Structures are given as C-alpha cells and as structure tokens.
$ cat run_14.cif   # mmCIF, C-alpha atoms
data_final
#
loop_
_atom_site.label_atom_id
_atom_site.label_comp_id
_atom_site.auth_asym_id
_atom_site.auth_seq_id
_atom_site.Cartn_x
_atom_site.Cartn_y
_atom_site.Cartn_z
CA MET A 8 -20.53 10.09 9.67
CA GLY A 9 -17.41 8.75 7.96
CA LYS A 10 -16.67 5.12 7.16
CA ALA A 11 -14.40 4.80 10.20
CA GLY A 12 -17.23 6.00 12.44
CA LEU A 13 -19.66 3.54 10.88
CA ILE A 14 -17.23 0.70 11.41
CA ALA A 15 -16.74 1.72 15.04
CA LEU A 16 -20.52 1.75 15.52
CA ALA A 17 -20.79 -1.64 13.88
CA LEU A 18 -18.22 -3.04 16.27
CA LEU A 19 -20.11 -1.69 19.24
CA ALA A 20 -23.39 -3.03 17.90
CA ALA A 21 -21.99 -6.49 17.22
CA PRO A 22 -23.24 -9.06 19.67
CA ALA A 23 -20.68 -10.49 22.06
CA ALA A 24 -19.97 -14.10 21.23
CA ALA A 25 -18.05 -16.86 22.90
CA ASP A 26 -14.51 -17.16 21.59
CA VAL A 27 -14.10 -19.60 18.75
CA PRO A 28 -11.24 -21.95 19.70
CA GLU A 29 -8.03 -21.69 17.65
CA THR A 30 -8.31 -25.34 16.68
CA ALA A 31 -11.86 -25.00 15.33
CA LEU A 32 -12.22 -25.22 11.58
CA LEU A 33 -13.66 -22.31 9.58
CA THR A 34 -15.18 -22.51 6.14
CA ALA A 35 -16.45 -19.76 3.88
CA ALA A 36 -19.88 -21.40 4.26
CA GLN A 37 -19.93 -19.98 7.84
CA PRO A 38 -19.85 -16.19 7.40
CA ALA A 39 -21.24 -15.50 10.90
CA LYS A 40 -18.47 -17.61 12.43
CA VAL A 41 -15.85 -15.82 10.29
CA ALA A 42 -17.25 -12.48 11.53
CA GLU A 43 -16.98 -13.73 15.13
CA VAL A 44 -13.32 -14.60 14.62
CA VAL A 45 -12.65 -11.19 13.05
CA ARG A 46 -14.12 -9.58 16.19
CA GLN A 47 -11.95 -11.88 18.34
CA LEU A 48 -8.99 -10.42 16.48
CA GLY A 49 -10.03 -6.98 17.74
CA ARG A 50 -11.49 -5.71 14.47
CA PRO A 51 -14.98 -4.74 13.41
CA GLY A 52 -16.86 -7.68 11.96
CA LEU A 53 -20.22 -6.47 10.65
CA LEU A 54 -21.83 -9.22 8.59
CA GLU A 55 -23.66 -7.80 5.56
CA THR A 56 -24.81 -8.91 2.12
CA ASP A 57 -23.27 -7.59 -1.10
CA GLU A 58 -25.11 -6.54 -4.27
CA ALA A 59 -24.98 -10.12 -5.62
CA GLY A 60 -26.58 -11.50 -2.45
CA ASP A 61 -23.35 -13.01 -1.14
CA PRO A 62 -22.16 -12.41 2.41
CA SER A 63 -19.53 -9.78 3.14
CA ILE A 64 -17.95 -8.48 6.33
CA ALA A 65 -17.18 -4.81 6.95
CA THR A 66 -13.91 -4.60 8.86
CA GLY A 67 -10.65 -2.70 8.74
CA PHE A 68 -6.96 -3.11 7.95
CA ALA A 69 -4.04 -0.82 8.79
CA GLY A 70 -6.42 1.86 10.05
CA TYR A 71 -8.54 1.93 6.87
CA PRO A 72 -12.00 0.51 6.21
CA GLY A 73 -11.80 -2.87 4.53
CA ARG A 74 -14.00 -5.77 3.63
CA ILE A 75 -14.05 -9.53 3.50
CA TRP A 76 -15.84 -10.71 0.37
CA PHE A 77 -17.23 -14.24 0.04
CA PHE A 78 -16.83 -15.97 -3.33
CA ASP A 79 -18.02 -19.04 -5.23
CA CYS A 80 -21.33 -19.05 -3.37
CA MET A 81 -24.60 -20.71 -4.38
CA GLU A 82 -27.20 -18.45 -6.01
CA ASP A 83 -28.81 -17.80 -2.62
CA GLY A 84 -25.48 -16.64 -1.11
CA SER A 85 -24.88 -19.84 0.86
CA ASP A 86 -22.15 -22.48 0.79
CA CYS A 87 -19.34 -20.14 -0.27
CA LEU A 88 -15.94 -21.67 -0.99
CA GLY A 89 -13.50 -18.79 -0.52
CA ILE A 90 -12.97 -15.29 0.76
CA ARG A 91 -11.05 -12.18 -0.23
CA LEU A 92 -9.60 -9.74 2.31
CA GLN A 93 -9.53 -6.32 0.68
CA VAL A 94 -8.62 -2.74 1.49
CA GLY A 95 -8.41 0.33 -0.71
CA ILE A 96 -6.74 3.66 -0.04
CA GLY A 97 -7.78 6.91 -1.69
CA THR A 98 -4.69 8.85 -2.75
CA VAL A 99 -3.89 12.32 -3.99
CA HIS A 100 -0.55 11.32 -5.56
CA LYS A 101 -1.10 8.17 -7.62
CA LEU A 102 1.28 5.26 -7.43
CA THR A 103 3.13 4.31 -10.56
CA LEU A 104 2.86 0.94 -12.21
CA ALA A 105 6.53 0.41 -11.31
CA GLN A 106 5.71 0.97 -7.62
CA VAL A 107 2.80 -1.47 -7.81
CA ASN A 108 4.94 -4.08 -9.55
CA ALA A 109 7.74 -3.64 -6.99
CA PHE A 110 5.26 -4.11 -4.14
CA ASN A 111 3.91 -7.29 -5.74
CA GLN A 112 7.42 -8.65 -6.27
CA GLU A 113 8.45 -7.96 -2.66
CA LYS A 114 5.27 -9.17 -0.92
CA ARG A 115 3.84 -12.66 -1.00
CA PHE A 116 0.20 -13.70 -0.75
CA ALA A 117 -1.53 -10.31 -1.25
CA THR A 118 -1.79 -8.60 -4.63
CA LEU A 119 -1.76 -4.86 -5.22
CA SER A 120 -3.65 -3.31 -8.13
CA LEU A 121 -5.02 0.10 -9.09
CA ASP A 122 -8.72 0.85 -9.41
CA GLU A 123 -10.31 2.95 -12.17
CA ASP A 124 -9.30 6.14 -10.28
CA GLY A 125 -5.69 4.99 -9.90
CA ASP A 126 -6.09 4.30 -6.18
CA PRO A 127 -4.39 1.20 -4.72
CA ILE A 128 -6.44 -1.87 -3.83
CA LEU A 129 -4.79 -4.66 -1.85
CA ALA A 130 -6.41 -8.11 -1.95
CA TYR A 131 -5.70 -11.53 -0.49
CA ASP A 132 -7.70 -14.60 -1.54
CA LEU A 133 -8.08 -17.54 0.80
CA SER A 134 -9.63 -20.90 -0.09
CA MET A 135 -11.87 -22.01 2.77
CA MET A 136 -13.56 -25.12 1.40
CA LYS A 137 -14.55 -28.02 3.62
CA PRO A 138 -13.09 -29.32 5.83
CA GLY A 139 -11.88 -25.73 6.38
CA VAL A 140 -8.91 -23.92 7.85
CA SER A 141 -8.15 -23.62 11.53
CA VAL A 142 -9.01 -20.42 13.32
CA ALA A 143 -5.28 -20.09 14.07
CA ALA A 144 -4.42 -20.31 10.34
CA PHE A 145 -7.14 -17.79 9.46
CA ALA A 146 -5.85 -15.44 12.19
CA ASP A 147 -2.30 -15.74 10.80
CA SER A 148 -3.55 -14.89 7.29
CA PHE A 149 -5.57 -11.96 8.64
CA ARG A 150 -2.55 -10.58 10.53
CA LEU A 151 -0.25 -11.07 7.54
CA PHE A 152 -2.69 -9.18 5.32
CA ASP A 153 -2.88 -6.39 7.90
CA GLN A 154 0.94 -6.17 7.89
CA GLN A 155 0.95 -5.92 4.11
CA ALA A 156 -1.79 -3.27 4.26
CA THR A 157 0.41 -1.34 6.69
CA ALA A 158 3.31 -1.60 4.22
CA LEU A 159 1.01 -0.24 1.52
CA VAL A 160 -0.02 2.69 3.72
CA GLU A 161 3.67 3.47 4.35
CA MET A 162 4.38 3.32 0.60
CA VAL A 163 1.45 5.65 -0.18
CA LYS A 164 2.56 8.14 2.51
CA ALA A 165 6.14 8.07 1.19
CA ALA A 166 4.91 8.70 -2.37
CA GLU A 167 2.72 11.57 -1.22
CA ASN A 168 5.56 13.10 0.84
CA ALA A 169 7.91 12.82 -2.14
CA ALA A 170 5.37 14.55 -4.37
CA LYS A 171 5.18 17.50 -1.95
CA LYS A 172 8.91 18.19 -2.26
#
$ encode --input "run_14.cif" --output "structure tokens"
Amino acid sequence: MGKAGLIALALLAAPAAADVPETALLTAAQPAKVAEVVRQLGRPGLLETDEAGDPSIATGFAGYPGRIWFFDCMEDGSDCLGIRLQVGIGTVHKLTLAQVNAFNQEKRFATLSLDEDGDPILAYDLSMMKPGVSVAAFADSFRLFDQQATALVEMVKAAENAAKK
C-alpha cells in the first residue's frame, strides 16, 4: 500500500474527538491536541514518534504525504517548543537552484530546499511555546503552508512539462 493509502487508513483509524475551539491555545507540548486540530482541518493526523523519540504527525499537504515534526523537546519527547510543517515531492526533472531561489523570494514563511536526491522539500517552522497560539492562528498557518505546497506542486509540474518538450 502506498503512502497515500496509509494516510487514508490512519485518518479512518483516528478516534473522533470533540472540536477544539478556535480560541483555545495550542502549544507544541500538546501533540495529541495538535493532531486533533489537524483532523478538524480535514487532514489525516496520525500521532507517531520519530527516531529521536519526539512526537510527529503524519498528515498531507497539496495532495502529498507530509509530516509535522516537533522540535526542542525534552529528552523523553515531552514539552516541545516548536513544530515544522513539511512536505517533499519526488521529481523526475530536478528543479534548478534558480527556481528554488525564486520560489523562496516570492513566498513568505515557508522555505524551499533540495534534499540529497535533488527533490524539493518545503518546510514551515512555527514557534508554539507557552502560552501558545490560538487554534485559529494555527489553522491559518496550516492553510497558508498548504497553499504554498500547492504552488510548489504547480512549479514542479510546469518544470516537468517543460522538460518533456
């Protein structure tokens, strides 16, 4: 089963939770609550643990599997201070450094880079220290990142179409 199928299964398997009010405050020390809000936004929100023992959330952006990483956590993976929204896209035609730089100059908040295979990785860091950010502010950041991921997908498709000509 592909990643998209696994994410769909995770969404179905996620327990239904009461909506978290838009005025509630979220911190990175509350990964289960962050996952609930992600599900409220209509996305998969499977809470997992990364290789370092920190929380992470499997989700999706712009139709691609993505992840929310938790950072600046205690050694036991608790009391995190920030998160990173991240999505990567495997490509046949690799983007140029000029294309990556142009994207970064045109878009605010998220940063585009290339991984070791030359595939684009889009990331957005968000400080979520106490007292926290409102659910509404988190939702706005999530939606903005999804819009920027969509712009990246469009850029990758355009580059691949141009390479076919």
$ resolve_selection --input "run_14.cif" --expression "the PyMOL selection byres ((chain A and resi 88) around 8)" --output "list in words"
Thr34, Ala35, Ala36, Phe77, Phe78, Asp79, Cys80, Asp86, Cys87, Gly89, Ile90, Ser134, Met135, Met136 and Lys137 of chain A
$ residues_around --input "run_14.cif" --residues "A:Ala166" --least-positions-apart "3" --cutoff "12 Å" --atoms "all atoms listed in the file" --output "mmCIF file with C-alpha atoms, keeping the file's coordinate frame"
data_model
loop_
_atom_site.group_PDB
_atom_site.id
_atom_site.type_symbol
_atom_site.label_atom_id
_atom_site.label_comp_id
_atom_site.auth_asym_id
_atom_site.auth_seq_id
_atom_site.Cartn_x
_atom_site.Cartn_y
_atom_site.Cartn_z
ATOM 1 C CA THR A 98 -4.690 8.850 -2.750
ATOM 2 C CA VAL A 99 -3.890 12.320 -3.990
ATOM 3 C CA HIS A 100 -0.550 11.320 -5.560
ATOM 4 C CA LYS A 101 -1.100 8.170 -7.620
ATOM 5 C CA LEU A 102 1.280 5.260 -7.430
ATOM 6 C CA THR A 103 3.130 4.310 -10.560
ATOM 7 C CA GLN A 106 5.710 0.970 -7.620
ATOM 8 C CA VAL A 107 2.800 -1.470 -7.810
ATOM 9 C CA LEU A 159 1.010 -0.240 1.520
ATOM 10 C CA VAL A 160 -0.020 2.690 3.720
ATOM 11 C CA GLU A 161 3.670 3.470 4.350
ATOM 12 C CA MET A 162 4.380 3.320 0.600
ATOM 13 C CA VAL A 163 1.450 5.650 -0.180
ATOM 14 C CA ALA A 169 7.910 12.820 -2.140
ATOM 15 C CA ALA A 170 5.370 14.550 -4.370
ATOM 16 C CA LYS A 171 5.180 17.500 -1.950
ATOM 17 C CA LYS A 172 8.910 18.190 -2.260
#
$ residues_around --input "run_14.cif" --residues "A:Lys40" --least-positions-apart "6" --cutoff "12 Å" --atoms "only C-alpha atoms" --output "PyMOL selection string"
chain A and resi 24-28+31-34+46-47+52-54+62+64+141-142+145
$ closest_residue --input "run_14.cif" --among "A:Leu129, A:Pro138, A:Val41, A:Lys114" --to "A:Pro72" --atoms "all atoms listed in the file"
A:Leu129
$ residues_near_point --input "run_14.cif" --point "(-9.5, -12.8, 0.6)" --cutoff "6 Å" --atoms "only C-alpha atoms" --output "PyMOL selection string"
chain A and resi 90-92+131-133
$ resolve_selection --input "run_14.cif" --expression "the PyMOL selection byres ((chain A and resi 155) around 10)" --output "short mmCIF file (atom, residue, chain, number, x, y, z; two decimals) with C-alpha atoms, in the coordinates of the input"
data_model
loop_
_atom_site.label_atom_id
_atom_site.label_comp_id
_atom_site.auth_asym_id
_atom_site.auth_seq_id
_atom_site.Cartn_x
_atom_site.Cartn_y
_atom_site.Cartn_z
CA PHE A 68 -6.96 -3.11 7.95
CA ALA A 69 -4.04 -0.82 8.79
CA PHE A 110 5.26 -4.11 -4.14
CA LYS A 114 5.27 -9.17 -0.92
CA ARG A 115 3.84 -12.66 -1.00
CA PHE A 116 0.20 -13.70 -0.75
CA ALA A 117 -1.53 -10.31 -1.25
CA THR A 118 -1.79 -8.60 -4.63
CA LEU A 119 -1.76 -4.86 -5.22
CA LEU A 129 -4.79 -4.66 -1.85
CA ALA A 130 -6.41 -8.11 -1.95
CA TYR A 131 -5.70 -11.53 -0.49
CA PHE A 149 -5.57 -11.96 8.64
CA ARG A 150 -2.55 -10.58 10.53
CA LEU A 151 -0.25 -11.07 7.54
CA PHE A 152 -2.69 -9.18 5.32
CA ASP A 153 -2.88 -6.39 7.90
CA GLN A 154 0.94 -6.17 7.89
CA ALA A 156 -1.79 -3.27 4.26
CA THR A 157 0.41 -1.34 6.69
CA ALA A 158 3.31 -1.60 4.22
CA LEU A 159 1.01 -0.24 1.52
CA VAL A 160 -0.02 2.69 3.72
CA GLU A 161 3.67 3.47 4.35
#
$ atom_distance --input "run_14.cif" --atom1 "atom CA of A:Ser148" --atom2 "atom CA of A:Gly67"
14.2 Å
$ closest_residue --input "run_14.cif" --among "A:Ile128, A:Ser85, A:Thr66, A:Glu167" --to "A:Val44" --atoms "all atoms listed in the file"
A:Thr66
$ residues_around --input "run_14.cif" --residues "A:Asp124" --least-positions-apart "2" --cutoff "10 Å" --atoms "all atoms listed in the file" --output "PyMOL selection string"
chain A and resi 97-98+101+121-122+126-127
$ atom_distance --input "run_14.cif" --atom1 "atom CA of A:Ala65" --atom2 "atom CA of A:Lys164"
24.0 Å
$ atom_distance --input "run_14.cif" --atom1 "atom CA of A:Glu29" --atom2 "atom CA of A:Ala146"
8.6 Å
$ closest_residue --input "run_14.cif" --among "A:Asp147, A:Leu104, A:Tyr71, A:Gly84" --to "A:Gln37" --atoms "only C-alpha atoms"
A:Gly84
